[in-house]
file query-v3.pdb (PDB, C-alpha atoms)
ATOM      1  CA  MET E   2      -9.515   2.344 -15.155  1.00  0.00           C
ATOM      2  CA  THR E   3     -11.257   5.494 -16.306  1.00  0.00           C
ATOM      3  CA  LYS E   4     -15.011   5.381 -16.669  1.00  0.00           C
ATOM      4  CA  ILE E   5     -16.161   6.858 -19.978  1.00  0.00           C
ATOM      5  CA  ALA E   6     -18.930   9.467 -19.751  1.00  0.00           C
ATOM      6  CA  LEU E   7     -22.001   8.228 -21.607  1.00  0.00           C
ATOM      7  CA  ASP E   8     -25.102  10.265 -22.256  1.00  0.00           C
ATOM      8  CA  LYS E   9     -28.599   8.932 -22.844  1.00  0.00           C
ATOM      9  CA  THR E  10     -28.069   8.673 -26.623  1.00  0.00           C
ATOM     10  CA  ASP E  11     -24.765   6.796 -26.202  1.00  0.00           C
ATOM     11  CA  ARG E  12     -26.497   4.321 -23.903  1.00  0.00           C
ATOM     12  CA  LYS E  13     -29.342   3.855 -26.373  1.00  0.00           C
ATOM     13  CA  ILE E  14     -26.864   3.222 -29.211  1.00  0.00           C
ATOM     14  CA  LEU E  15     -25.008   0.694 -27.061  1.00  0.00           C
ATOM     15  CA  ALA E  16     -28.236  -1.094 -26.105  1.00  0.00           C
ATOM     16  CA  ILE E  17     -29.230  -1.353 -29.765  1.00  0.00           C
ATOM     17  CA  LEU E  18     -25.805  -2.647 -30.836  1.00  0.00           C
ATOM     18  CA  GLN E  19     -25.707  -5.169 -27.973  1.00  0.00           C
ATOM     19  CA  GLY E  20     -28.967  -6.554 -29.333  1.00  0.00           C
ATOM     20  CA  ASP E  21     -27.767  -6.678 -32.940  1.00  0.00           C
ATOM     21  CA  GLY E  22     -24.235  -5.651 -33.869  1.00  0.00           C
ATOM     22  CA  ARG E  23     -24.962  -6.169 -37.562  1.00  0.00           C
ATOM     23  CA  LEU E  24     -27.416  -3.289 -37.857  1.00  0.00           C
ATOM     24  CA  SER E  25     -26.435  -0.641 -40.370  1.00  0.00           C
ATOM     25  CA  ASN E  26     -25.526   2.824 -39.177  1.00  0.00           C
ATOM     26  CA  GLN E  27     -28.700   4.038 -40.905  1.00  0.00           C
ATOM     27  CA  ASP E  28     -30.849   1.645 -38.853  1.00  0.00           C
ATOM     28  CA  VAL E  29     -29.169   2.605 -35.577  1.00  0.00           C
ATOM     29  CA  ALA E  30     -29.489   6.312 -36.411  1.00  0.00           C
ATOM     30  CA  GLU E  31     -33.218   5.940 -37.060  1.00  0.00           C
ATOM     31  CA  GLN E  32     -33.758   4.134 -33.759  1.00  0.00           C
ATOM     32  CA  VAL E  33     -32.010   6.868 -31.763  1.00  0.00           C
ATOM     33  CA  SER E  34     -33.501   9.758 -33.787  1.00  0.00           C
ATOM     34  CA  LEU E  35     -30.188  11.009 -35.176  1.00  0.00           C
ATOM     35  CA  SER E  36     -29.031  11.550 -38.701  1.00  0.00           C
ATOM     36  CA  PRO E  37     -26.478   8.988 -39.911  1.00  0.00           C
ATOM     37  CA  SER E  38     -23.365  11.217 -39.668  1.00  0.00           C
ATOM     38  CA  PRO E  39     -23.638  12.170 -35.968  1.00  0.00           C
ATOM     39  CA  CYS E  40     -24.660   8.600 -35.143  1.00  0.00           C
ATOM     40  CA  LEU E  41     -21.580   7.223 -36.903  1.00  0.00           C
ATOM     41  CA  ARG E  42     -19.354   9.754 -35.112  1.00  0.00           C
ATOM     42  CA  ARG E  43     -20.748   8.561 -31.779  1.00  0.00           C
ATOM     43  CA  ILE E  44     -20.214   4.897 -32.665  1.00  0.00           C
ATOM     44  CA  LYS E  45     -16.642   5.585 -33.847  1.00  0.00           C
ATOM     45  CA  ARG E  46     -15.915   7.466 -30.593  1.00  0.00           C
ATOM     46  CA  LEU E  47     -17.300   4.551 -28.543  1.00  0.00           C
ATOM     47  CA  GLU E  48     -15.077   2.164 -30.515  1.00  0.00           C
ATOM     48  CA  GLU E  49     -11.969   4.364 -30.183  1.00  0.00           C
ATOM     49  CA  GLU E  50     -12.489   4.791 -26.432  1.00  0.00           C
ATOM     50  CA  GLY E  51     -12.776   1.018 -26.052  1.00  0.00           C
ATOM     51  CA  VAL E  52     -16.389   1.020 -24.871  1.00  0.00           C
ATOM     52  CA  ILE E  53     -17.170  -1.153 -27.906  1.00  0.00           C
ATOM     53  CA  ARG E  54     -14.392  -3.768 -27.857  1.00  0.00           C
ATOM     54  CA  GLN E  55     -15.375  -5.830 -30.890  1.00  0.00           C
ATOM     55  CA  TYR E  56     -18.207  -7.225 -32.973  1.00  0.00           C
ATOM     56  CA  VAL E  57     -18.729 -10.991 -32.967  1.00  0.00           C
ATOM     57  CA  ALA E  58     -21.086 -13.755 -34.057  1.00  0.00           C
ATOM     58  CA  LEU E  59     -22.433 -15.679 -31.061  1.00  0.00           C
ATOM     59  CA  LEU E  60     -22.641 -19.391 -31.777  1.00  0.00           C
ATOM     60  CA  ASP E  61     -25.034 -21.899 -30.268  1.00  0.00           C
ATOM     61  CA  PRO E  62     -22.729 -24.426 -28.548  1.00  0.00           C
ATOM     62  CA  ASP E  63     -25.284 -27.255 -28.838  1.00  0.00           C
ATOM     63  CA  LYS E  64     -25.545 -26.817 -32.617  1.00  0.00           C
ATOM     64  CA  ILE E  65     -21.793 -27.101 -33.085  1.00  0.00           C
ATOM     65  CA  GLY E  66     -21.449 -30.169 -30.895  1.00  0.00           C
ATOM     66  CA  LEU E  67     -20.302 -28.540 -27.649  1.00  0.00           C
ATOM     67  CA  GLY E  68     -23.264 -29.566 -25.504  1.00  0.00           C
ATOM     68  CA  LEU E  69     -21.531 -29.897 -22.131  1.00  0.00           C
ATOM     69  CA  LEU E  70     -20.778 -26.743 -20.154  1.00  0.00           C
ATOM     70  CA  ALA E  71     -18.568 -27.020 -17.077  1.00  0.00           C
ATOM     71  CA  TYR E  72     -17.410 -24.466 -14.552  1.00  0.00           C
ATOM     72  CA  VAL E  73     -14.081 -25.491 -13.075  1.00  0.00           C
ATOM     73  CA  ASN E  74     -12.548 -23.935  -9.965  1.00  0.00           C
ATOM     74  CA  VAL E  75      -8.769 -24.242  -9.951  1.00  0.00           C
ATOM     75  CA  ARG E  76      -6.367 -23.837  -7.054  1.00  0.00           C
ATOM     76  CA  LEU E  77      -2.679 -23.421  -7.840  1.00  0.00           C
ATOM     77  CA  GLU E  78       0.479 -24.201  -5.908  1.00  0.00           C
ATOM     78  CA  LYS E  79       1.544 -21.087  -4.049  1.00  0.00           C
ATOM     79  CA  HIS E  80       5.283 -21.742  -4.272  1.00  0.00           C
ATOM     80  CA  SER E  81       7.179 -20.793  -7.409  1.00  0.00           C
ATOM     81  CA  ASP E  82       9.434 -23.854  -7.016  1.00  0.00           C
ATOM     82  CA  ALA E  83       6.463 -26.138  -7.745  1.00  0.00           C
ATOM     83  CA  ALA E  84       6.843 -25.439 -11.445  1.00  0.00           C
ATOM     84  CA  ALA E  85      10.588 -26.038 -11.297  1.00  0.00           C
ATOM     85  CA  ALA E  86      10.062 -29.345  -9.472  1.00  0.00           C
ATOM     86  CA  ASN E  87       7.927 -30.551 -12.376  1.00  0.00           C
ATOM     87  CA  HIS E  88      10.371 -29.328 -15.036  1.00  0.00           C
ATOM     88  CA  SER E  89       9.734 -32.071 -17.614  1.00  0.00           C
ATOM     89  CA  THR E  90       5.933 -31.891 -17.280  1.00  0.00           C
ATOM     90  CA  ALA E  91       6.038 -28.127 -17.558  1.00  0.00           C
ATOM     91  CA  ARG E  92       8.181 -28.217 -20.688  1.00  0.00           C
ATOM     92  CA  ALA E  93       5.898 -30.835 -22.296  1.00  0.00           C
ATOM     93  CA  LEU E  94       2.912 -28.520 -21.732  1.00  0.00           C
ATOM     94  CA  GLY E  95       4.730 -25.548 -23.247  1.00  0.00           C
ATOM     95  CA  VAL E  96       5.204 -23.800 -19.903  1.00  0.00           C
ATOM     96  CA  ASN E  97       8.358 -21.980 -18.875  1.00  0.00           C
ATOM     97  CA  PRO E  98       9.322 -24.173 -15.888  1.00  0.00           C
ATOM     98  CA  GLY E  99      11.686 -21.924 -13.993  1.00  0.00           C
ATOM     99  CA  GLY E 100      11.515 -18.293 -14.980  1.00  0.00           C
ATOM    100  CA  THR E 101       8.038 -17.176 -13.980  1.00  0.00           C
ATOM    101  CA  SER E 102       5.459 -17.724 -11.287  1.00  0.00           C
ATOM    102  CA  PRO E 103       2.926 -20.569 -11.346  1.00  0.00           C
ATOM    103  CA  ARG E 104       0.163 -17.994 -11.868  1.00  0.00           C
ATOM    104  CA  ALA E 105       1.866 -16.502 -14.909  1.00  0.00           C
ATOM    105  CA  ASP E 106       2.597 -19.961 -16.331  1.00  0.00           C
ATOM    106  CA  PHE E 107      -1.009 -21.016 -15.801  1.00  0.00           C
ATOM    107  CA  ALA E 108      -2.353 -17.857 -17.476  1.00  0.00           C
ATOM    108  CA  VAL E 109      -0.160 -18.503 -20.528  1.00  0.00           C
ATOM    109  CA  ALA E 110      -1.248 -22.149 -20.693  1.00  0.00           C
ATOM    110  CA  VAL E 111      -4.973 -21.342 -20.422  1.00  0.00           C
ATOM    111  CA  GLU E 112      -4.710 -19.155 -23.523  1.00  0.00           C
ATOM    112  CA  GLN E 113      -3.718 -22.282 -25.484  1.00  0.00           C
ATOM    113  CA  TRP E 114      -6.629 -24.479 -24.355  1.00  0.00           C
ATOM    114  CA  PRO E 115      -9.550 -24.116 -26.812  1.00  0.00           C
ATOM    115  CA  GLU E 116     -12.010 -25.785 -24.437  1.00  0.00           C
ATOM    116  CA  VAL E 117     -11.609 -22.885 -21.990  1.00  0.00           C
ATOM    117  CA  VAL E 118     -13.707 -19.983 -23.258  1.00  0.00           C
ATOM    118  CA  ALA E 119     -13.350 -17.814 -20.139  1.00  0.00           C
ATOM    119  CA  CYS E 120     -10.916 -17.686 -17.236  1.00  0.00           C
ATOM    120  CA  TYR E 121     -11.188 -15.391 -14.229  1.00  0.00           C
ATOM    121  CA  ALA E 122      -8.810 -14.863 -11.309  1.00  0.00           C
ATOM    122  CA  MET E 123     -10.936 -15.181  -8.180  1.00  0.00           C
ATOM    123  CA  THR E 124     -10.992 -14.249  -4.518  1.00  0.00           C
ATOM    124  CA  GLY E 125     -11.586 -16.957  -1.948  1.00  0.00           C
ATOM    125  CA  GLU E 126     -10.220 -20.451  -1.577  1.00  0.00           C
ATOM    126  CA  MET E 127      -9.785 -21.144  -5.323  1.00  0.00           C
ATOM    127  CA  ASP E 128      -7.553 -19.070  -7.597  1.00  0.00           C
ATOM    128  CA  TYR E 129      -9.331 -19.313 -10.960  1.00  0.00           C
ATOM    129  CA  LEU E 130     -12.746 -20.045 -12.406  1.00  0.00           C
ATOM    130  CA  LEU E 131     -12.802 -21.575 -15.903  1.00  0.00           C
ATOM    131  CA  ARG E 132     -15.822 -21.813 -18.209  1.00  0.00           C
ATOM    132  CA  VAL E 133     -15.266 -24.913 -20.314  1.00  0.00           C
ATOM    133  CA  HIS E 134     -17.269 -25.993 -23.382  1.00  0.00           C
ATOM    134  CA  VAL E 135     -16.795 -29.595 -24.531  1.00  0.00           C
ATOM    135  CA  GLU E 136     -18.661 -32.201 -26.567  1.00  0.00           C
ATOM    136  CA  ASP E 137     -19.483 -34.606 -23.760  1.00  0.00           C
ATOM    137  CA  MET E 138     -18.201 -36.152 -20.529  1.00  0.00           C
ATOM    138  CA  ASP E 139     -15.529 -38.156 -22.405  1.00  0.00           C
ATOM    139  CA  HIS E 140     -14.170 -34.935 -23.916  1.00  0.00           C
ATOM    140  CA  PHE E 141     -14.252 -33.275 -20.479  1.00  0.00           C
ATOM    141  CA  SER E 142     -12.403 -36.213 -18.942  1.00  0.00           C
ATOM    142  CA  ARG E 143      -9.709 -36.057 -21.645  1.00  0.00           C
ATOM    143  CA  PHE E 144      -9.319 -32.303 -21.114  1.00  0.00           C
ATOM    144  CA  MET E 145      -9.034 -32.731 -17.348  1.00  0.00           C
ATOM    145  CA  MET E 146      -6.654 -35.702 -17.370  1.00  0.00           C
ATOM    146  CA  ALA E 147      -4.436 -34.796 -20.317  1.00  0.00           C
ATOM    147  CA  THR E 148      -4.339 -31.034 -19.975  1.00  0.00           C
ATOM    148  CA  LEU E 149      -5.570 -29.294 -16.847  1.00  0.00           C
ATOM    149  CA  LEU E 150      -4.452 -31.773 -14.191  1.00  0.00           C
ATOM    150  CA  ARG E 151      -1.079 -32.215 -15.916  1.00  0.00           C
ATOM    151  CA  HIS E 152      -0.252 -28.545 -15.527  1.00  0.00           C
ATOM    152  CA  PRO E 153       2.511 -28.417 -12.898  1.00  0.00           C
ATOM    153  CA  ALA E 154       0.992 -25.509 -10.955  1.00  0.00           C
ATOM    154  CA  VAL E 155      -2.482 -27.065 -10.521  1.00  0.00           C
ATOM    155  CA  LEU E 156      -3.022 -28.281  -6.978  1.00  0.00           C
ATOM    156  CA  ASP E 157      -6.800 -28.860  -6.878  1.00  0.00           C
ATOM    157  CA  VAL E 158      -9.879 -28.580  -9.103  1.00  0.00           C
ATOM    158  CA  LYS E 159     -13.604 -28.654  -8.434  1.00  0.00           C
ATOM    159  CA  SER E 160     -16.032 -28.980 -11.330  1.00  0.00           C
ATOM    160  CA  SER E 161     -19.716 -28.205 -11.699  1.00  0.00           C
ATOM    161  CA  PHE E 162     -21.850 -28.891 -14.755  1.00  0.00           C
ATOM    162  CA  ALA E 163     -24.674 -26.776 -16.140  1.00  0.00           C
ATOM    163  CA  LEU E 164     -27.920 -28.740 -16.171  1.00  0.00           C
ATOM    164  CA  GLN E 165     -30.064 -26.090 -17.840  1.00  0.00           C
ATOM    165  CA  ARG E 166     -29.474 -22.645 -19.328  1.00  0.00           C
ATOM    166  CA  ILE E 167     -31.769 -20.174 -17.567  1.00  0.00           C
ATOM    167  CA  LYS E 168     -30.168 -16.919 -18.696  1.00  0.00           C
ATOM    168  CA  ASP E 169     -27.236 -16.470 -21.032  1.00  0.00           C
ATOM    169  CA  THR E 170     -26.617 -12.992 -22.368  1.00  0.00           C
ATOM    170  CA  THR E 171     -23.650 -10.946 -23.439  1.00  0.00           C
ATOM    171  CA  ALA E 172     -25.552  -7.666 -23.034  1.00  0.00           C
ATOM    172  CA  LEU E 173     -24.270  -5.545 -20.160  1.00  0.00           C
ATOM    173  CA  PRO E 174     -26.703  -3.464 -18.091  1.00  0.00           C
ATOM    174  CA  LEU E 175     -26.466   0.165 -19.137  1.00  0.00           C
ATOM    175  CA  VAL E 176     -27.161   2.142 -15.975  1.00  0.00           C
TER     176      VAL E 176
END
call {"tool": "encode", "arguments": {"input": "query-v3.pdb", "output": "structure tokens"}}
result
Amino acid sequence: MTKIALDKTDRKILAILQGDGRLSNQDVAEQVSLSPSPCLRRIKRLEEEGVIRQYVALLDPDKIGLGLLAYVNVRLEKHSDAAAANHSTARALGVNPGGTSPRADFAVAVEQWPEVVACYAMTGEMDYLLRVHVEDMDHFSRFMMATLLRHPAVLDVKSSFALQRIKDTTALPLV
């Protein structure tokens, strides 16, 4: 992956947009002491180079009824025949039971689970870390029993629940 060269003004623009992606180009330009045209050119370049991936609205999970946050470590079967051995379960979950690896099947399945808002392949004893937003413990239990634990490649899971949000930001450090 190629690191994009960013100057001080680029970093300032990015910091401003991370704080409020809805600001007008005029507002951003004023804050970085540029006229609107060069500011817009910089923003367009940052978008085209993939530094700015997208603009989103960040929702408060509590206010939309998703008050339970779980982090779930998942360990998968290491043998590709594990998926084939559970052919009917795999097919019921929409997984290709024989043609791909358990890791690939799991990655495809995770994309279909709305409760999982982030999934990372990990080093160490577990293979994946999932960030799961659900309504409550009943919802979490249904997700675990009916979805995650029924996936043919899943060997083991360990869950932890967030008790309190101390820091939660999407802003990346601009060093």
call {"tool": "closest_residue", "arguments": {"input": "query-v3.pdb", "among": "E:Ala154, E:Lys64, E:Leu70, E:Arg23", "to": "Pro103 of chain E", "atoms": "only C-alpha atoms"}}
result
E:Ala154
call {"tool": "resolve_selection", "arguments": {"input": "query-v3.pdb", "expression": "the PyMOL selection byres ((chain E and resi 22) around 12)", "output": "VMD selection string"}}
result
chain E and resid 14 to 21 23 to 26 28 to 29 44 53 to 59 171 to 172
call {"tool": "atom_distance", "arguments": {"input": "query-v3.pdb", "atom1": "atom CA of Arg104 of chain E", "atom2": "atom CA of Leu77 of chain E"}}
result
7.3 Å
call {"tool": "resolve_selection", "arguments": {"input": "query-v3.pdb", "expression": "the PyMOL selection byres ((chain E and resi 159-161) around 12)", "output": "ChimeraX atom specification"}}
result
/E:69-76,126-133,138,141-142,145,149-150,155-158,162-164
call {"tool": "atom_distance", "arguments": {"input": "query-v3.pdb", "atom1": "atom CA of Asp8 of chain E", "atom2": "atom CA of Arg46 of chain E"}}
result
12.7 Å
call {"tool": "atom_distance", "arguments": {"input": "query-v3.pdb", "atom1": "atom CA of Pro62 of chain E", "atom2": "atom CA of Phe107 of chain E"}}
result
25.4 Å
call {"tool": "closest_residue", "arguments": {"input": "query-v3.pdb", "among": "E:Asp61, E:Val111, E:Lys13, E:Tyr121", "to": "Gln32 of chain E", "atoms": "only C-alpha atoms"}}
result
E:Lys13
call {"tool": "resolve_selection", "arguments": {"input": "query-v3.pdb", "expression": "the PyMOL selection byres ((chain E and resi 117) around 9)", "output": "compact mmCIF listing (two decimals) with C-alpha atoms, keeping the file's coordinate frame"}}
result
# COMPACT_ATOMS: atom_id res chain seq x y z
CA VAL E 111 -4.97 -21.34 -20.42
CA GLU E 112 -4.71 -19.16 -23.52
CA GLN E 113 -3.72 -22.28 -25.48
CA TRP E 114 -6.63 -24.48 -24.36
CA PRO E 115 -9.55 -24.12 -26.81
CA GLU E 116 -12.01 -25.78 -24.44
CA VAL E 118 -13.71 -19.98 -23.26
CA ALA E 119 -13.35 -17.81 -20.14
CA CYS E 120 -10.92 -17.69 -17.24
CA LEU E 131 -12.80 -21.58 -15.90
CA ARG E 132 -15.82 -21.81 -18.21
CA VAL E 133 -15.27 -24.91 -20.31
CA HIS E 134 -17.27 -25.99 -23.38
CA VAL E 135 -16.80 -29.60 -24.53
call {"tool": "axis_aligned_box", "arguments": {"input": "query-v3.pdb", "around": "segment 26-34 of chain E", "padding_each_side": "5 Å", "output": "AutoDock Vina command-line options"}}
result
--center_x -29.6 --center_y 5.7 --center_z -36.3 --size_x 18.2 --size_y 18.1 --size_z 19.1
call {"tool": "residues_around", "arguments": {"input": "query-v3.pdb", "residues": "segment 3-5 of chain E", "least_positions_apart": "4", "cutoff": "10 Å", "atoms": "only C-alpha atoms", "output": "number ranges by chain"}}
result
E: 47, 50-52
call {"tool": "write_last_selection", "arguments": {"input": "query-v3.pdb", "atoms": "C-alpha atoms", "output": "mmCIF file, in the frame of the given file"}}
result
data_model
loop_
_atom_site.group_PDB
_atom_site.id
_atom_site.type_symbol
_atom_site.label_atom_id
_atom_site.label_comp_id
_atom_site.auth_asym_id
_atom_site.auth_seq_id
_atom_site.Cartn_x
_atom_site.Cartn_y
_atom_site.Cartn_z
ATOM 1 C CA LEU E 47 -17.300 4.551 -28.543
ATOM 2 C CA GLU E 50 -12.489 4.791 -26.432
ATOM 3 C CA GLY E 51 -12.776 1.018 -26.052
ATOM 4 C CA VAL E 52 -16.389 1.020 -24.871
#
